[in-house]
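Visitor: First the structure, then my questions, so here it is.
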Amino acid sequence: DEATATPSENKDGKTEVIFWHAMSGDLETVLKEIVEEFNQSHPSIEVKPIFQGTYEEALTKFNTVAGTKDTPTIMQTFEVGTKYMIDSGKIQPVQKFIDEENYDISQWEKNIVNYYTVDGKIYSMPFNSSTPVLIYNKDAFKEAGLDPEKPPMTYSELKEAARKLTKKQGGQTTQYGFSILNYGWFFEEMLAVQGGLYVNNENGRKGNATKAIFNSEEGLRVFDLIRDMYKEGTFYNVGQNWDDMHAAFQSKKVAMYLDSSAGVKTIIDNAPFEVGVSYLPVPDGVERQGVIIGGASLWMAKNISEKQQKAAWEFMKYLATPEVQAKWHVKTGYFAINPAAYDEEIVKAEWEKYPQLKVTVDQLKQTKPIPATQGALISVFPESRQKVVKAMESLYQGVDPKEALDRAAAETNRALEVANKK
Amino acid sequence: MNVLRTFLLYALLIICSVVVLFPVVYAFLISFMDGAEVLQGHIWPQKFTMANYAAAFQKVPLLEFLLNSFIVSLIVMAGQLIVSSLAAFAFVFLNFKGRDVLFFLCIATMLIPWEAAMIPNFLTVQKLGWLNSYLGLTVPFFALAFGIFLLRQHFKTIPLELYEAAQVSGVGRFRFFWNIVLPLSKTSLITLGVYSFLTTWNMYLWPLLVTNNDHVRTVQIGLKQMQSQEISTEWGVVMAAVIVVILPTLLLLFVGQKHLQKGLMQGAIK
Amino acid sequence: MNTSLSMKSSSSVPIRRKRAIWTTLEGIAYLLPSLILFSIFLFYPMLRTMYLSLYVTDHQGNPVQFVGIENFVYLLKDASFLQSAKATLLFVCYTVPASVFLALCLALMANEKLKGIGLFRTFFSSTMGMSVAASSVIWMFMYNPSIGVINKVLSLFGISDVQWLLDPKIALISVAISTIWMNTGFTFLILLGGLQNIDSSLYESARIAGVSYWYQLRKVTLPLLSPTIFFVTTVSLIHSFQTFGQIDILTKGGPMDATNVIVYSIYKDAFINYNFGSASAQAVILFFAVLVVTFLQFKFGERKVHYQ
Amino acid sequence: MAQIELVHVYKSYNGKENVIHDLSVSIKPGEFFVLVGPSGCGKSTILRMIAGLETITSGKLLIGGIEANDLPPSKRNLSMVFQNYALYPHLTVEQNITFGLHTKKISKQEQKQRCLEAAEMLGLTDYLKHKPRQLSGGQRQRVALARAIVTHAPICLMDEPLSNLDAKLRAKMRSEIRQLQRRLGITMVYVTHDQVEAMTMADRMMILHEGRPQQIGAPLDIYNHPSNTFVASFIGTPPMNLAEAKVLESLLLFESGRAMRLHHRLPSSIQQVIVGVRPEHIRLAQPGDDHFVAKVVNVEVLGTETLVTFELTKSEHWIARWNGQWNVHIGERVPLTIDETAFLFFHENGQRLNYSIPSYAAGKEEHK
Amino acid sequence: MAQIELVHVYKSYNGKENVIHDLSVSIKPGEFFVLVGPSGCGKSTILRMIAGLETITSGKLLIGGIEANDLPPSKRNLSMVFQNYALYPHLTVEQNITFGLHTKKISKQEQKQRCLEAAEMLGLTDYLKHKPRQLSGGQRQRVALARAIVTHAPICLMDEPLSNLDAKLRAKMRSEIRQLQRRLGITMVYVTHDQVEAMTMADRMMILHEGRPQQIGAPLDIYNHPSNTFVASFIGTPPMNLAEAKVLESLLLFESGRAMRLHHRLPSSIQQVIVGVRPEHIRLAQPGDDHFVAKVVNVEVLGTETLVTFELTKSEHWIARWNGQWNVHIGERVPLTIDETAFLFFHENGQRLNYSIPSYAAGKEEHK
Ligand SMILES: Nc1ncnc2c1ncn2[C@@H]1O[C@H](COP(=O)(O)OP(=O)(O)OP(=O)(O)O)[C@@H](O)[C@H]1O
Ligand SMILES: Nc1ncnc2c1ncn2[C@@H]1O[C@H](COP(=O)(O)OP(=O)(O)OP(=O)(O)O)[C@@H](O)[C@H]1O
Ligand SMILES: [Mg+2]
Ligand SMILES: [Mg+2]
């Protein structure tokens, strides 16, 4: 095999670990710091982090080079790429090293483990994980006569609060009550929190998914919510760009919205008002099941030398240590995969400063480990997400929620069908 | 020219300039704002901070990227100018069978969406062992149908008499090309040069694909590295980087523009 | 010198042919670098794309099953592809005439002999120095409904917020506007160059004849500029068909596929959904569509062009 | 009808050297004014300044009595034939000719009419639908001419409009242009390097030399009374023969010892002169004539006439012009005579001396 | 030295009408061959075919005995002056002149040398560093000329190379070119519309009319023995006077009743002729001469000579050309006489009749 041609050692006699990632902005800075520290403490290994664009871009490239001498040792891939990576056959499940070393994975956050366990095997090493949260403007709450410490937990509370928070001036709405980014992830989470499944076969965890079932009652509730609120004029359509959403919130155009836990800190820092963070709301009378983990994990390539794999494993383990995880959590807002990190001093200090961060962790901790919150496992996830986004967008055009949802499901089915042919 | 006309013309010019320049100026102003200010939608920074620039340079090896971009852009520019002008010359001044077919074939390459060709090209470049090298970043762009087309259009305006005169004096075709056609097409060559430089400078996806190494990576990748997906981008920093990135190209444009002076053809023949 | 007449005439045909062959060889020599590069980096991928369009591919883009024209048949029935085709055509119609027209106006103004005109020329061409990515980011900012400057200005006139990029009815137009802005610099520069190449004595003659500005524009400037206009139109047309960057950054093809032009759809299918077969089929359709348009443009457009 | 006045006009292209120096001239309404001068002396420049295509560096231009320095060309109400034709390559001959006529409020029909007339006159009728690049050099020039003619503008500027035409057509055009100009009362400024054109067409002409006006006047006046050697040698083909000579009472002493005797004494103030004689005044001596013998160095038989170049002195060659075809051989020595009244005298600096020899035999030149 | 032969050459630009019809001519090595003809008759086309810039539609071109129809221009070893100059706008005058010399394996120094010589000869020395657009029309033409001169190619083609020069410079250039051509033994094909150039420079000349060769021969032969009315009226300025006449024994009867009596009887086969007389052969009648009286309709005093246009018949005007400046008035009736031997006779179809009146008084024209 060509892959053995990969020089596993560089000229200093160090084992080289090529680490492709998609961390940009401040995340990259932190990541580089951590890698630097690792390299210092592990003289025989040299990890080289290389930015490869967005998750999609990195994946495309990995796809093309996988199996050749240009393959990276470690590859970071977003959660929805899990199934795809497994199917590609180009990766080495980390379970092998867990077994060899008897590595204790119980120290990990169980919900995270849950997500990345497929057929009882852990394929990749969770790394940066996040969940959705409700973020709201406390000042606006006060202004509207709402209790800033009592954010809405159910759909009706949400609607009620949104109505109060919506401000009109002349014919113009200057402040909207609520908003959700047109992004499939939020829909998936709103579904999962009610215990709804995305696809059949237990969310694809019990064999290949063949059919989308998100157009269920649970899914419809989400769509109805959006449609109703939009009709009322309390919901603001922010599009599908994260930055637009942040801008809408920070400029007080929107008083409440859903965001990723990873972004909380920056929002707090930049907002000219007090920011509250809370759990995802659920429909009235529905029991809260918890949230699915988002973010990305690290994958190890298959056709590389033993030595490199070992070194890569070493690096992965290092990333999972409480100290590193604490630092990672504090500096980025992503979860620590190892809850022990939350006992670290720096985390405590940080939570002191940003008590909101703890909310995100709590939400995850309270999640029940059921297939719904384990997350769906399908290889055409990105495509399916596009369909859901389109369905969400069509709501603003007055399309019936049921119809929109059914169409998205049908389109996902077709994608699944094609994918299963391969 | 009467005064009113001049006045109106200036007024129009200024209005158009404002419209055209506004986005750039806007970006420039944003680059001096801190994150909160940006997200609150200010136009004029309340206080000018250079922190964004400092951050931009500190986050990614922007200087090295800039240098790489320069090298790559220059090589591509030179390559495109040479290859395109040779081809355009053949299309205008050499009359051979199948010329029009070949020309249309060349034009047809413009129609191929680069996105569709990218993966096979990546594999080709990989097979050639050109990953992580300037070769892989530049050579695939040397032939440019657009450039050939642009130059052909310009070469066509060169009076045929000049070609005839050269032929009669026994001057070889290449020399005619070199000594007459190229100097006479200075405007178009500069236009094409600027175009090549800028498009190469602005390439993102291809350099990302064929490089794995900060030592050959270009500045657009650096720009992308500063924007994050899930969490808020620091727009001030990004805009600062945008300014840093477009500054050299704008400068190049200003310099090139100076040379695009009054046409040289005046009084060409009779 | 004293070869017989018959020999001379008999040698005529071979000489002519030899000369023709020689010219052809010389022509090929000039074209060789382009031809080689085109073959490797454009024709080969295109052929491969055509080949792949007849297959179902795996995630790596390797053909697994021959399906003939099934990919095409599906696409032509697929509502979202038809929507893409429609969006593409609309986008072309919005951007091409407008950018050429605007750039022409700017070029005409900048071609006047005025003090400081060089500065204006530089201003007008400046958008050429901006990458699509950078410009798109700026425009995204300006279009932002909550903090964007455009809505702020509009609100001064009492116009309520416009969802520039979120309303399927205007998203394409919004993207088109930003595209026109991005294209202006380049188109302007080319047109200005064309204007400056016109023999000044022709203008002098028109000045003496005393014709109005508009008449001169119609009867002298535009016809003489026609090769350049033809060029920029053709190029803009082709580029416009292949618009990608601004869509990716501004709308990602949304809302509701309103801006999902074919190239973006190809990108999504190939790089996000890994449907190389379908993506290839779309690429092939796009290729032939642009080919037809370009061919028509050459056939009917170039007829109106006056080369010197 | 419009008058054109140039008052102390200077022109410089580069801000350093002047191309036109201190030009003052007043062209009368309806006058046919011809500009002549060697190539590069500034003729086109003057036309272009009148047309408003070049700025006037200093001085004043008045058209119809109104200062026109800053008037745009279109306001000057004139037409112009460019030296390089300036035809619109994309328009047909017909469109080229009628270009701009609509501004003069001329009906379509009238435009057509004028165009056909001009085309007829210039032999372009067959080419009305052609594009300029399909025309020969002369045909292009004629199109340019037609374009100026059809406007009927009160002022018309022509820059060597006939230089590419053959003699026959040229002769025809000469009289056509002249008639048209008379009929319409156009003020014409006409640049030419053709002596015949200048002499036959001009009401007045100006001779220019290195941007400086040398003489302005009626053609015959200039021909007969050139104000300096430049004009003398520039007007007339072949040019006037000139030679320096010492004056000794009634004797003209040339270099290398040749002498000619006059029947008159020259004023004693004159000691050193430049003597000028037109070639047609050097005749073959009849027996009994005062004559001198000179060696023939070149003979050009033109059909109508014969030009005989002979050695006046070792270094100076003069030309004699005789009617008909003469069979003279190079190297032959011929007896020549010069009518004394034909001599013109110039100061060493080139200026004409205000002195001429009175003719005692009522010149046959002034027949009837 | 190279010979140029054209054998039954035809040329058509559009595949329909021929622009050149059946042209056969052989230009001898070292010959100075002049092409003349009215504007648009195909002169430039012929030059361009010889140069290889236009294809030959049918027929054969031989250069130095070798078929050259398909030889590329650069292989023909010739130089050319284009009618529209074809200067390279971005090169200086000097670079324009020496452009292409390197192909002839001429050293840099020699190039410089030749360039300076040519510039000197053409008065371009001051402009060597200028660009063409800074030159006047005549200066540009001279640059084009210099470019052809410096190559010393064995064949040189010139298309109206002097049309924009003034008389003086033109006269100088005429002899310079002629001398250079002789000295280098160049074969020259020269297009001009200037009679004087044609007459003085040509070894032989060809008159062309609508693409058809009319007559080829030495200038004087053509002048004296034009083979048809076209040539007769084309060569000579002013052109030969022509008129149709009936022949009645020794009487020429013109329209509207004017008659002229000859001392000879014309052959009885001739009944209807076209009569031709050159303007210089129409003299003012001396007392006692056979004369006729005609009304003067136009007078042009050219300085050297006077052209008198008179009414031969109501509809036909003839021109007489007299030396000197004559004070004749329009409308005057003058007695005129024509030397009988000066008459030329043409067939109605234009061909010259092979008949001329024997001169009984040994013509003064053949002096010595
Ligand atoms: N490229 C062309 N296409 C079509 N017709 C042409 C072309 N060039 C010349 N002609 C025609 O061929 C004829 C001969 O043209 P040519 O240029 O040879 O004339 P010429 O004798 O040189 O005239 P001139 O003295 O005016 O330059 C003209 O009637 C002209 O209109
Ligand atoms: N645009 C220019 N820039 C600089 N110098 C110029 C320019 N145009 C003309 N000249 C110079 O000015 C002088 C006069 O030029 P002009 O064209 O008026 O001459 P001309 O009398 O028309 O000559 P010709 O009879 O040869 O056309 C020349 O010496 C010429 O070199
Ligand atoms: Mg001139
Ligand atoms: Mg010609």
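In the structure tokens, chains take letters A, B, ... by order of appearance, with residues numbered from 1 within each chain and ligands from 1 in the order shown.
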Let me see if you get this right: every residue at most 7 Å from ligand 1, counting only C-alpha atoms and all ligand atoms, written as a ChimeraX atom specification.
Guide: /D:133-139,164-165 /E:13-14,19,37-46
Visitor: Export, as a compact mmCIF listing (two decimals), in the first residue's frame, the selected residues with all heavy atoms.
Guide:
# COMPACT_ATOMS: atom_id res chain seq x y z
N ARG D 133 -12.53 50.97 -45.61
CA ARG D 133 -11.37 50.10 -45.81
C ARG D 133 -11.41 49.41 -47.16
O ARG D 133 -10.44 48.80 -47.57
CB ARG D 133 -11.25 49.07 -44.69
CG ARG D 133 -12.37 48.07 -44.64
CD ARG D 133 -12.04 46.85 -43.83
NE ARG D 133 -13.24 46.04 -43.72
CZ ARG D 133 -14.21 46.25 -42.85
NH1 ARG D 133 -14.09 47.22 -41.99
NH2 ARG D 133 -15.29 45.52 -42.84
N GLN D 134 -12.55 49.49 -47.86
CA GLN D 134 -12.61 48.90 -49.20
C GLN D 134 -12.27 49.91 -50.27
O GLN D 134 -12.44 49.64 -51.45
CB GLN D 134 -14.02 48.36 -49.45
CG GLN D 134 -14.44 47.29 -48.49
CD GLN D 134 -15.90 46.93 -48.64
OE1 GLN D 134 -16.73 47.80 -48.83
NE2 GLN D 134 -16.20 45.66 -48.55
N LEU D 135 -11.83 51.09 -49.86
CA LEU D 135 -11.56 52.12 -50.85
C LEU D 135 -10.06 52.29 -51.04
O LEU D 135 -9.26 51.99 -50.16
CB LEU D 135 -12.14 53.45 -50.37
CG LEU D 135 -13.65 53.49 -50.16
CD1 LEU D 135 -14.06 54.87 -49.73
CD2 LEU D 135 -14.39 53.08 -51.44
N SER D 136 -9.71 52.82 -52.18
CA SER D 136 -8.31 53.16 -52.42
C SER D 136 -8.02 54.48 -51.73
O SER D 136 -8.93 55.18 -51.28
CB SER D 136 -8.07 53.29 -53.92
OG SER D 136 -8.60 54.50 -54.38
N GLY D 137 -6.75 54.80 -51.63
CA GLY D 137 -6.33 56.01 -50.94
C GLY D 137 -7.04 57.25 -51.46
O GLY D 137 -7.57 58.06 -50.69
N GLY D 138 -7.06 57.39 -52.76
CA GLY D 138 -7.67 58.57 -53.36
C GLY D 138 -9.17 58.61 -53.10
O GLY D 138 -9.73 59.68 -52.85
N GLN D 139 -9.78 57.45 -53.15
CA GLN D 139 -11.22 57.41 -52.90
C GLN D 139 -11.53 57.85 -51.48
O GLN D 139 -12.47 58.59 -51.23
CB GLN D 139 -11.75 55.99 -53.16
CG GLN D 139 -11.77 55.65 -54.64
CD GLN D 139 -11.87 54.15 -54.91
OE1 GLN D 139 -11.60 53.34 -54.03
NE2 GLN D 139 -12.23 53.80 -56.13
N ASN D 164 -3.86 62.98 -52.90
CA ASN D 164 -3.80 61.61 -53.40
C ASN D 164 -4.56 61.42 -54.70
O ASN D 164 -4.84 60.30 -55.09
CB ASN D 164 -4.32 60.65 -52.34
CG ASN D 164 -3.22 60.21 -51.40
OD1 ASN D 164 -2.20 59.71 -51.85
ND2 ASN D 164 -3.39 60.43 -50.12
N LEU D 165 -4.89 62.52 -55.35
CA LEU D 165 -5.66 62.39 -56.59
C LEU D 165 -4.76 62.55 -57.80
O LEU D 165 -3.72 63.20 -57.75
CB LEU D 165 -6.77 63.42 -56.61
CG LEU D 165 -7.69 63.42 -55.39
CD1 LEU D 165 -8.84 64.38 -55.60
CD2 LEU D 165 -8.20 62.02 -55.11
N TYR E 13 -11.46 41.21 -55.31
CA TYR E 13 -11.53 41.22 -53.85
C TYR E 13 -12.71 40.42 -53.34
O TYR E 13 -12.65 39.79 -52.30
CB TYR E 13 -11.65 42.66 -53.32
CG TYR E 13 -10.33 43.38 -53.25
CD1 TYR E 13 -10.00 44.34 -54.19
CD2 TYR E 13 -9.43 43.11 -52.24
CE1 TYR E 13 -8.79 45.01 -54.13
CE2 TYR E 13 -8.22 43.77 -52.17
CZ TYR E 13 -7.90 44.73 -53.12
OH TYR E 13 -6.71 45.37 -53.04
N ASN E 14 -13.80 40.51 -54.09
CA ASN E 14 -15.01 39.88 -53.56
C ASN E 14 -15.41 38.64 -54.32
O ASN E 14 -16.49 38.10 -54.11
CB ASN E 14 -16.16 40.89 -53.57
CG ASN E 14 -16.36 41.49 -54.94
OD1 ASN E 14 -15.76 41.02 -55.92
ND2 ASN E 14 -17.18 42.50 -55.03
N VAL E 19 -10.82 43.52 -60.10
CA VAL E 19 -10.25 44.85 -59.90
C VAL E 19 -9.06 45.01 -60.84
O VAL E 19 -8.75 46.11 -61.30
CB VAL E 19 -9.85 45.01 -58.42
CG1 VAL E 19 -8.98 46.20 -58.22
CG2 VAL E 19 -11.08 45.08 -57.55
N GLY E 37 -2.29 56.08 -63.04
CA GLY E 37 -3.68 55.83 -63.38
C GLY E 37 -4.55 56.57 -62.41
O GLY E 37 -4.09 56.97 -61.34
N PRO E 38 -5.80 56.73 -62.76
CA PRO E 38 -6.68 57.50 -61.88
C PRO E 38 -6.86 56.80 -60.54
O PRO E 38 -6.61 55.60 -60.41
CB PRO E 38 -8.00 57.57 -62.64
CG PRO E 38 -7.85 56.75 -63.85
CD PRO E 38 -6.46 56.27 -63.97
N SER E 39 -7.31 57.56 -59.59
CA SER E 39 -7.54 57.02 -58.26
C SER E 39 -8.51 55.85 -58.33
O SER E 39 -9.53 55.93 -59.00
CB SER E 39 -8.10 58.14 -57.40
OG SER E 39 -8.76 57.63 -56.31
N GLY E 40 -8.15 54.77 -57.68
CA GLY E 40 -9.04 53.60 -57.63
C GLY E 40 -8.88 52.66 -58.80
O GLY E 40 -9.64 51.72 -58.95
N CYS E 41 -7.85 52.87 -59.63
CA CYS E 41 -7.73 52.02 -60.82
C CYS E 41 -7.02 50.71 -60.51
O CYS E 41 -6.99 49.82 -61.35
CB CYS E 41 -7.01 52.76 -61.93
SG CYS E 41 -5.28 53.00 -61.58
N GLY E 42 -6.43 50.60 -59.34
CA GLY E 42 -5.82 49.32 -58.99
C GLY E 42 -4.31 49.36 -58.82
O GLY E 42 -3.67 48.31 -58.75
N LYS E 43 -3.73 50.53 -58.71
CA LYS E 43 -2.28 50.63 -58.58
C LYS E 43 -1.78 49.99 -57.29
O LYS E 43 -0.87 49.15 -57.30
CB LYS E 43 -1.83 52.11 -58.63
CG LYS E 43 -2.33 52.85 -59.84
CD LYS E 43 -1.89 54.30 -59.84
CE LYS E 43 -2.47 55.13 -58.72
NZ LYS E 43 -3.91 55.41 -58.87
N SER E 44 -2.38 50.40 -56.20
CA SER E 44 -1.96 49.84 -54.93
C SER E 44 -2.16 48.34 -54.92
O SER E 44 -1.35 47.58 -54.38
CB SER E 44 -2.73 50.46 -53.78
OG SER E 44 -2.54 51.84 -53.75
N THR E 45 -3.25 47.90 -55.52
CA THR E 45 -3.52 46.47 -55.56
C THR E 45 -2.38 45.72 -56.25
O THR E 45 -1.94 44.67 -55.77
CB THR E 45 -4.85 46.23 -56.30
OG1 THR E 45 -5.86 47.01 -55.66
CG2 THR E 45 -5.22 44.77 -56.29
N ILE E 46 -1.90 46.27 -57.34
CA ILE E 46 -0.78 45.61 -58.05
C ILE E 46 0.46 45.54 -57.15
O ILE E 46 1.09 44.50 -57.01
CB ILE E 46 -0.48 46.35 -59.37
CG1 ILE E 46 -1.68 46.22 -60.31
CG2 ILE E 46 0.78 45.80 -60.03
CD1 ILE E 46 -1.54 46.99 -61.59
Visitor: Could you work out which residues of chain D fall inside 9 Å of chain C? Count only C-alpha atoms, and format the result as a VMD selection string.
Guide: chain D and resid 51 to 53 72 to 82 84 to 91 99 to 104 133 148 151
Visitor: Ranking B:Leu209, B:Ser169, B:Val25, B:Leu162 by minimum distance to Cys156 (chain E) and counting only C-alpha atoms, which one comes first?
Guide: B:Ser169
Visitor: Could you check which of E:Gln83, E:Thr57, E:Ser269, E:Ser24 is closest to chain B, using only C-alpha atoms?
Guide: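 The closest residue to chain B is E:Gln83.
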Visitor: Among region 115-191 of chain E, which ones does DSSP assign to helix (DSSP H, G or I) (computed from the backbone)? Answer as an NGL selection string.
Guide: :E and (115-122 or 125-127 or 132-134 or 137-151 or 167-184)
Visitor: Pick out the residues sitting within 10 Å of Pro279 (chain E), and hand them over as a ChimeraX atom specification; count only C-alpha atoms, and ignore anything fewer than 5 positions along from it in its own chain.
Guide: /D:304 /E:236-241,307-309,318-322,338
Visitor: Can you pull out every residue within 12 Å of Ala192 (chain A), counting only C-alpha atoms, but drop anything in the same chain fewer than 4 positions away, and send it as a PyMOL selection string?
Guide: chain A and resi 131-132+185-188+196-199+203+214+216+218-219+222+280-283+286-293+367-376
Visitor: Would you pick out the contacts of Glu31 (chain E) at 12 Å or less, using only C-alpha atoms, so that residues sharing its chain but fewer than 5 positions from it are not included, and give the list as an mmCIF file with C-alpha atoms, in the first residue's frame?
Guide:
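Output file part-v4.cif is given in full below:
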data_model
loop_
_atom_site.group_PDB
_atom_site.id
_atom_site.type_symbol
_atom_site.label_atom_id
_atom_site.label_comp_id
_atom_site.auth_asym_id
_atom_site.auth_seq_id
_atom_site.Cartn_x
_atom_site.Cartn_y
_atom_site.Cartn_z
ATOM 1 C CA MET E 1 18.859 42.700 -59.435
ATOM 2 C CA ALA E 2 15.578 41.060 -59.939
ATOM 3 C CA GLN E 3 13.075 40.896 -62.676
ATOM 4 C CA ILE E 4 9.362 41.008 -61.975
ATOM 5 C CA SER E 26 7.625 42.288 -67.390
ATOM 6 C CA PRO E 154 16.882 44.570 -54.768
ATOM 7 C CA ILE E 155 13.235 45.345 -55.361
ATOM 8 C CA CYS E 156 11.524 48.386 -54.011
ATOM 9 C CA LEU E 157 7.844 49.196 -54.185
ATOM 10 C CA ARG E 178 16.432 58.109 -58.845
ATOM 11 C CA GLN E 181 17.958 53.408 -57.458
ATOM 12 C CA ARG E 182 20.613 53.700 -60.130
ATOM 13 C CA ARG E 183 23.475 53.386 -57.738
ATOM 14 C CA LEU E 184 22.151 50.281 -56.066
ATOM 15 C CA GLY E 185 20.680 48.824 -59.229
ATOM 16 C CA ILE E 186 17.339 48.386 -57.551
ATOM 17 C CA THR E 187 14.284 47.337 -59.492
ATOM 18 C CA MET E 188 11.713 49.946 -58.645
ATOM 19 C CA VAL E 189 7.963 49.838 -58.983
ATOM 20 C CA TYR E 190 6.635 53.236 -58.223
ATOM 21 C CA MET E 201 11.804 59.225 -63.033
ATOM 22 C CA ALA E 202 10.424 56.419 -65.129
ATOM 23 C CA ASP E 203 12.429 54.232 -67.401
ATOM 24 C CA ARG E 204 9.123 52.895 -68.464
ATOM 25 C CA MET E 205 5.667 53.524 -67.224
ATOM 26 C CA ALA E 218 8.957 55.079 -72.104
#
Visitor: Contacts of region 352-362 of chain A at 8 Å or less, counting only C-alpha atoms, minus same-chain residues fewer than 4 places along, as an MDAnalysis selection string?
Guide: chainID A and resid 131 133 261 264:265 276:279 333 335 348 366
Visitor: Output C-alpha atoms of each residue in that selection to a file, as a PDB file, in the first residue's frame.
Guide:
ATOM      1  CA  THR A 131     -25.313  22.047  22.521  1.00  0.00           C
ATOM      2  CA  VAL A 133     -29.272  26.945  24.384  1.00  0.00           C
ATOM      3  CA  SER A 261     -23.230  26.843  23.761  1.00  0.00           C
ATOM      4  CA  VAL A 264     -22.124  32.085  24.670  1.00  0.00           C
ATOM      5  CA  LYS A 265     -19.023  33.723  25.995  1.00  0.00           C
ATOM      6  CA  GLY A 276     -29.287  35.252  30.123  1.00  0.00           C
ATOM      7  CA  VAL A 277     -28.831  31.632  29.103  1.00  0.00           C
ATOM      8  CA  SER A 278     -31.393  28.900  29.515  1.00  0.00           C
ATOM      9  CA  TYR A 279     -32.505  25.468  28.370  1.00  0.00           C
ATOM     10  CA  GLY A 333     -16.954  27.673  25.371  1.00  0.00           C
ATOM     11  CA  PHE A 335     -17.805  21.409  26.578  1.00  0.00           C
ATOM     12  CA  LYS A 348     -14.440  27.532  38.592  1.00  0.00           C
ATOM     13  CA  GLN A 366     -29.623  16.279  32.534  1.00  0.00           C
TER      14      GLN A 366
END
Visitor: Within 7 Å of Lys295 (chain D), counting only C-alpha atoms, which residues qualify if same-chain residues fewer than 4 places away don't, as an mmCIF file with C-alpha atoms, in the first residue's frame?
Guide:
data_model
loop_
_atom_site.group_PDB
_atom_site.id
_atom_site.type_symbol
_atom_site.label_atom_id
_atom_site.label_comp_id
_atom_site.auth_asym_id
_atom_site.auth_seq_id
_atom_site.Cartn_x
_atom_site.Cartn_y
_atom_site.Cartn_z
ATOM 1 C CA PHE D 310 23.535 73.708 -66.195
ATOM 2 C CA GLU D 311 26.587 74.767 -64.304
ATOM 3 C CA GLY D 331 27.895 67.537 -71.098
ATOM 4 C CA GLU D 332 26.955 69.738 -74.025
ATOM 5 C CA ARG D 333 27.849 73.412 -73.763
ATOM 6 C CA VAL D 334 24.965 75.685 -74.674
#
Visitor: For the atom pair CA of Glu302 (chain C) and CA of Pro227 (chain C), what is the interatomic distance in Å to one decimal place?
Guide: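 Straight-line distance from CA of Glu302 (chain C) to CA of Pro227 (chain C) works out to 7.8 Å.
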Visitor: Using only C-alpha atoms for the distances, tell me which of E:Lys108, E:Lys129, E:His225, E:Lys246 is nearest to chain D.
Guide: E:His225
Visitor: Within 6 Å of chain C, which residues of chain B are there when counting only C-alpha atoms? Please give them as a PyMOL selection string.
Guide: chain B and resi 41+86-87+90+96+111-112+117+120-121+143+157+202+246+249-250+254+262-263+266
Visitor: Could you please tell me, as a PyMOL selection string, which residues of chain A have an atom within 6 Å of chain C when using only C-alpha atoms?
Guide: chain A and resi 60+63+239+248+383+390+393+422
Visitor: Identify which of the residues E:Val143, E:Val36, E:Leu62, E:Leu220 lies closest to ligand 2, counting only C-alpha atoms and all ligand atoms when measuring atom-to-atom distances.
Guide: E:Val143
